[in-house]
Amino acid sequence: MEQKQVEKPAHSGQSAQSGQSESVIGLEVHVQLDAQSKLFCRCSTDYRNNAPNHNVCVTCTSHPGAKPWGVNESAIKNVVKIALALGCKLKVGEPIFIQRKHYFYPDLASGYQRTSKPFATGGELLGVGITEVHLEEDPGNYELKKGLVDFNRSGIPLIEIVTDPDMTTPSQAREFLEEISAILDYLNAVSSEPGSMRVDANFSIRGHPRAEVKNINSFKGVYTALTFEHSRHLNMIKNNLPLFLETRHFDEAKGSTITLRRKETVDDYRYFPDPDVPPIVLTKEFIDAVRKELPELPREKRERFVKSYKILPEEAFAICLEKLLADAFEKVGKKIKPQLAAGFFRGVLRKQLNYRTLSFRDSQLTPDVLVELLSLVEGNQVTEKVGEQLLIAVLEKKASSPKKFAQEHGLIGVADKSELEPIVDKVIAVNPKPVKDFLAGEGKALHFLAGIVMKQTHGKADPAQVQAMLKKKIK
Ligand SMILES: [Zn+2]
């Protein structure tokens, strides 16, 4: 879909210093829908686990004369679900045509991609307008260097969500993507396989031609590509070099973009309604039925968590980014003080998951294990620091029961004053240099000494108490 953004055909000679250097960012988000079979045939969508060109038939490889089957109904339902969750207005009772969008790459044997007219328009998310959502088929996989094509992916149902060019910073784009991905996760409407989301990011400096960076497959990638484009555009303008309406490729390893081609226009695609596929008509009854199935969405869940569990909005935000994580919090928060659980979920748990690039789903953690772990912290049987060690042990499959692991490794217990004192005395005695540095006003030296004490207690001491004791004794 073409972004409705006012373009100037060529460089206008404006300088970046003229004060008119506001960034204009719009996104096109493509996500594979949760479906058992492809959009216009009944081949399996499980394209990753099969040999190349295994999940194919005459339809998805466009043999001469092969006709499409009826449009996959679960795909239609999922698009409607997503459109409703984004607050879009659906087209009711009017024909939504499937169009042929012509292009000539080997990944679609037909020479065109089937793509629907918009199902819905005019939604909003985090203050960013949703221009439209529509349904389309995924092309196959084309390995340019080897000249190989695999049609397993060809025909997988995709939703394309197009935003208005309302964003002005790369961070805003990343936040928008995190939020939309949370919504899609709650709706259970898209594939949960990695790599099922691809983003085209449109960037321009207001009043100048726009570049479209194609097929970025991570949020971090979108952020990096947009940051790169921002500097590139400003540099070009500053040096009076021409900018073009163009399509660019993101090189993830280098964190940069390179030009692919001048951007196609709507005319190049020669859209026309596919005569082989009858138009889709959404009835009010169908839409109402789908609306009734909508779950509680992230925004509503956050508000409820803040209100009923008395946790901080930023804690609720982090916890509700993944539905299973939010569900787990709710189970844990019924048995453990919710504020303690929320702090742990937002801090330690998300840190350890992010570090391993794991979602909560993939971590295989259960609410029961987290309750067992946090009971130890809540009952002052272990320190928070040890709590983190126990979580790491579970994540790394070294422990299935945090309590048993803590017992076996002597981690139970919080060191009291009488246990700490001899350790602190010894650490001060054998580290004269950092002690001297601290007395000379170097705050870092105290952290260093506290670190040694914590290590010697195997994390069983309260860090604040250790620091206080060190300070008192040194002075
Ligand atoms: Zn097929």
# chains A, B, ... in the order shown; residues from 1 in each chain; ligands from 1
call {"tool": "residues_around", "arguments": {"residues": "Ile280 (chain A)", "least_positions_apart": "3", "cutoff": "10 Å", "atoms": "only C-alpha atoms", "output": "PyMOL selection string"}}
result
chain A and resi 70-71+76+93-98+116-117+119+277+283
call {"tool": "residues_near_ligand", "arguments": {"ligand": "ligand 1", "cutoff": "6 Å", "atoms": "only C-alpha atoms and all ligand atoms", "output": "ChimeraX atom specification"}}
result
/A:41-43,56-57,59-60
call {"tool": "atom_distance", "arguments": {"atom1": "CA of Lys67 (chain A)", "atom2": "CA of Phe40 (chain A)"}}
result
8.8 Å
call {"tool": "select_by_dssp", "arguments": {"residues": "region 29-127 of chain A", "states": "helix (DSSP H, G or I)", "output": "PyMOL selection string"}}
result
chain A and resi 73-85
call {"tool": "write_last_selection", "arguments": {"atoms": "N, CA and C atoms", "output": "mmCIF file, in the first residue's frame"}}
result
data_model
loop_
_atom_site.group_PDB
_atom_site.id
_atom_site.type_symbol
_atom_site.label_atom_id
_atom_site.label_comp_id
_atom_site.auth_asym_id
_atom_site.auth_seq_id
_atom_site.Cartn_x
_atom_site.Cartn_y
_atom_site.Cartn_z
ATOM 1 N N GLU A 73 -11.166 -18.774 5.532
ATOM 2 C CA GLU A 73 -12.060 -18.006 6.419
ATOM 3 C C GLU A 73 -11.417 -17.616 7.738
ATOM 4 N N SER A 74 -10.526 -18.470 8.243
ATOM 5 C CA SER A 74 -9.925 -18.108 9.535
ATOM 6 C C SER A 74 -9.034 -16.878 9.360
ATOM 7 N N ALA A 75 -8.457 -16.734 8.171
ATOM 8 C CA ALA A 75 -7.637 -15.539 7.910
ATOM 9 C C ALA A 75 -8.521 -14.290 7.919
ATOM 10 N N ILE A 76 -9.697 -14.396 7.314
ATOM 11 C CA ILE A 76 -10.612 -13.241 7.284
ATOM 12 C C ILE A 76 -10.991 -12.851 8.715
ATOM 13 N N LYS A 77 -11.299 -13.876 9.516
ATOM 14 C CA LYS A 77 -11.714 -13.621 10.900
ATOM 15 C C LYS A 77 -10.589 -12.935 11.690
ATOM 16 N N ASN A 78 -9.367 -13.401 11.489
ATOM 17 C CA ASN A 78 -8.251 -12.809 12.221
ATOM 18 C C ASN A 78 -7.992 -11.360 11.812
ATOM 19 N N VAL A 79 -8.188 -11.037 10.539
ATOM 20 C CA VAL A 79 -8.014 -9.643 10.117
ATOM 21 C C VAL A 79 -9.073 -8.762 10.790
ATOM 22 N N VAL A 80 -10.297 -9.281 10.847
ATOM 23 C CA VAL A 80 -11.383 -8.515 11.479
ATOM 24 C C VAL A 80 -11.077 -8.284 12.963
ATOM 25 N N LYS A 81 -10.602 -9.347 13.621
ATOM 26 C CA LYS A 81 -10.233 -9.249 15.048
ATOM 27 C C LYS A 81 -9.214 -8.136 15.270
ATOM 28 N N ILE A 82 -8.159 -8.150 14.436
ATOM 29 C CA ILE A 82 -7.070 -7.179 14.597
ATOM 30 C C ILE A 82 -7.585 -5.764 14.312
ATOM 31 N N ALA A 83 -8.392 -5.630 13.250
ATOM 32 C CA ALA A 83 -8.929 -4.310 12.895
ATOM 33 C C ALA A 83 -9.759 -3.752 14.050
ATOM 34 N N LEU A 84 -10.570 -4.616 14.684
ATOM 35 C CA LEU A 84 -11.392 -4.153 15.810
ATOM 36 C C LEU A 84 -10.508 -3.734 16.980
ATOM 37 N N ALA A 85 -9.459 -4.534 17.257
ATOM 38 C CA ALA A 85 -8.580 -4.216 18.389
ATOM 39 C C ALA A 85 -7.830 -2.909 18.169
#
call {"tool": "closest_residue", "arguments": {"among": "A:Asn188, A:Gly26, A:Leu148, A:Ser401", "to": "Val222 (chain A)", "atoms": "only C-alpha atoms"}}
result
A:Gly26
call {"tool": "select_by_dssp", "arguments": {"residues": "region 187-225 of chain A", "states": "strand (DSSP E)", "output": "PyMOL selection string"}}
result
chain A and resi 197-205+211-216
call {"tool": "closest_atom_pairs", "arguments": {"of": "region 13-53 of chain A", "to": "region 174-187 of chain A", "cutoff": "10 Å", "atoms": "only C-alpha atoms", "output": "tab-separated table"}}
result
residue	atom	partner	partner_atom	distance
A:Leu27	CA	A:Leu177	CA	9.1
A:Val29	CA	A:Leu177	CA	8.5
A:Val31	CA	A:Leu184	CA	9.2
A:Leu33	CA	A:Leu184	CA	9.6
call {"tool": "residues_around", "arguments": {"residues": "Ser171 (chain A)", "least_positions_apart": "6", "cutoff": "10 Å", "atoms": "only C-alpha atoms", "output": "list in words"}}
result
Leu177, Phe219, Lys220, Val222, Tyr223, Thr224, Leu226 and Thr227 of chain A
call {"tool": "write_last_selection", "arguments": {"atoms": "C-alpha atoms", "output": "PDB file, in the first residue's frame"}}
result
ATOM      1  CA  LEU A 177       5.805  -1.821  17.359  1.00  0.00           C
ATOM      2  CA  PHE A 219      12.154  -3.883  16.361  1.00  0.00           C
ATOM      3  CA  LYS A 220      15.785  -3.113  17.069  1.00  0.00           C
ATOM      4  CA  VAL A 222      13.624  -0.734  12.666  1.00  0.00           C
ATOM      5  CA  TYR A 223      15.127   1.585  15.279  1.00  0.00           C
ATOM      6  CA  THR A 224      18.621   1.255  13.784  1.00  0.00           C
ATOM      7  CA  LEU A 226      15.443   4.815  11.031  1.00  0.00           C
ATOM      8  CA  THR A 227      18.327   6.312  13.014  1.00  0.00           C
TER       9      THR A 227
END
call {"tool": "residues_around", "arguments": {"residues": "Gln99 (chain A)", "least_positions_apart": "5", "cutoff": "12 Å", "atoms": "only C-alpha atoms", "output": "PyMOL selection string"}}
result
chain A and resi 1+112-118+134-137+269-280
call {"tool": "write_last_selection", "arguments": {"atoms": "N, CA, C and O atoms", "output": "short mmCIF file (atom, residue, chain, number, x, y, z; two decimals), in the first residue's frame"}}
result
data_model
loop_
_atom_site.label_atom_id
_atom_site.label_comp_id
_atom_site.auth_asym_id
_atom_site.auth_seq_id
_atom_site.Cartn_x
_atom_site.Cartn_y
_atom_site.Cartn_z
N MET A 1 0.85 -1.19 0.00
CA MET A 1 0.00 0.00 0.00
C MET A 1 0.88 1.23 0.00
O MET A 1 1.96 1.25 0.57
N TYR A 112 2.16 -11.87 -9.98
CA TYR A 112 1.43 -10.87 -9.22
C TYR A 112 1.15 -11.42 -7.83
O TYR A 112 1.19 -12.63 -7.61
N GLN A 113 0.92 -10.48 -6.90
CA GLN A 113 0.57 -10.85 -5.54
C GLN A 113 -0.91 -10.54 -5.34
O GLN A 113 -1.37 -9.47 -5.71
N ARG A 114 -1.65 -11.49 -4.76
CA ARG A 114 -3.06 -11.20 -4.46
C ARG A 114 -3.12 -10.43 -3.15
O ARG A 114 -2.58 -10.86 -2.12
N THR A 115 -3.76 -9.28 -3.22
CA THR A 115 -3.83 -8.41 -2.05
C THR A 115 -5.21 -7.77 -2.01
O THR A 115 -5.72 -7.36 -3.05
N SER A 116 -5.83 -7.76 -0.84
CA SER A 116 -7.22 -7.27 -0.79
C SER A 116 -7.26 -5.75 -0.74
O SER A 116 -6.28 -5.09 -0.38
N LYS A 117 -8.39 -5.19 -1.07
CA LYS A 117 -8.65 -3.78 -0.80
C LYS A 117 -8.78 -3.70 0.73
O LYS A 117 -8.98 -4.72 1.40
N PRO A 118 -8.70 -2.50 1.31
CA PRO A 118 -8.75 -2.41 2.77
C PRO A 118 -10.02 -3.03 3.38
O PRO A 118 -11.11 -2.84 2.86
N HIS A 134 -5.27 -4.64 5.55
CA HIS A 134 -5.77 -5.52 4.50
C HIS A 134 -5.08 -6.87 4.53
O HIS A 134 -4.11 -7.08 5.26
N LEU A 135 -5.61 -7.77 3.74
CA LEU A 135 -5.14 -9.15 3.71
C LEU A 135 -4.35 -9.36 2.43
O LEU A 135 -4.71 -8.83 1.38
N GLU A 136 -3.26 -10.12 2.50
CA GLU A 136 -2.54 -10.44 1.27
C GLU A 136 -1.82 -11.78 1.40
O GLU A 136 -1.81 -12.38 2.47
N GLU A 137 -1.25 -12.25 0.30
CA GLU A 137 -0.53 -13.52 0.36
C GLU A 137 0.97 -13.24 0.42
O GLU A 137 1.47 -12.32 -0.19
N TYR A 269 2.34 -1.06 -10.47
CA TYR A 269 1.79 -2.34 -10.02
C TYR A 269 0.58 -2.80 -10.84
O TYR A 269 0.18 -3.94 -10.76
N ARG A 270 0.01 -1.92 -11.61
CA ARG A 270 -1.16 -2.24 -12.45
C ARG A 270 -2.19 -3.10 -11.70
O ARG A 270 -2.49 -4.21 -12.06
N TYR A 271 -2.67 -2.54 -10.59
CA TYR A 271 -3.68 -3.24 -9.79
C TYR A 271 -4.94 -3.47 -10.60
O TYR A 271 -5.38 -2.59 -11.32
N PHE A 272 -5.51 -4.66 -10.49
CA PHE A 272 -6.91 -4.81 -10.94
C PHE A 272 -7.56 -5.96 -10.18
O PHE A 272 -6.85 -6.86 -9.71
N PRO A 273 -8.89 -5.94 -10.03
CA PRO A 273 -9.56 -6.99 -9.26
C PRO A 273 -9.32 -8.35 -9.89
O PRO A 273 -9.41 -8.49 -11.12
N ASP A 274 -9.00 -9.35 -9.06
CA ASP A 274 -8.74 -10.69 -9.56
C ASP A 274 -10.07 -11.31 -10.00
O ASP A 274 -10.97 -11.48 -9.19
N PRO A 275 -10.18 -11.66 -11.30
CA PRO A 275 -11.47 -12.21 -11.77
C PRO A 275 -11.74 -13.62 -11.22
O PRO A 275 -12.87 -14.10 -11.29
N ASP A 276 -10.71 -14.29 -10.66
CA ASP A 276 -10.88 -15.65 -10.17
C ASP A 276 -11.36 -15.73 -8.73
O ASP A 276 -11.66 -16.81 -8.23
N VAL A 277 -11.35 -14.60 -8.02
CA VAL A 277 -11.74 -14.65 -6.60
C VAL A 277 -12.93 -13.72 -6.36
O VAL A 277 -12.84 -12.53 -6.62
N PRO A 278 -14.05 -14.28 -5.89
CA PRO A 278 -15.19 -13.41 -5.60
C PRO A 278 -14.86 -12.46 -4.45
O PRO A 278 -14.07 -12.81 -3.57
N PRO A 279 -15.40 -11.25 -4.47
CA PRO A 279 -15.10 -10.30 -3.39
C PRO A 279 -15.62 -10.80 -2.03
O PRO A 279 -16.56 -11.59 -1.98
N ILE A 280 -14.98 -10.34 -0.98
CA ILE A 280 -15.39 -10.70 0.38
C ILE A 280 -16.41 -9.67 0.85
O ILE A 280 -16.24 -8.47 0.62
#
call {"tool": "atom_distance", "arguments": {"atom1": "CA of Val394 (chain A)", "atom2": "CA of His458 (chain A)"}}
result
17.5 Å
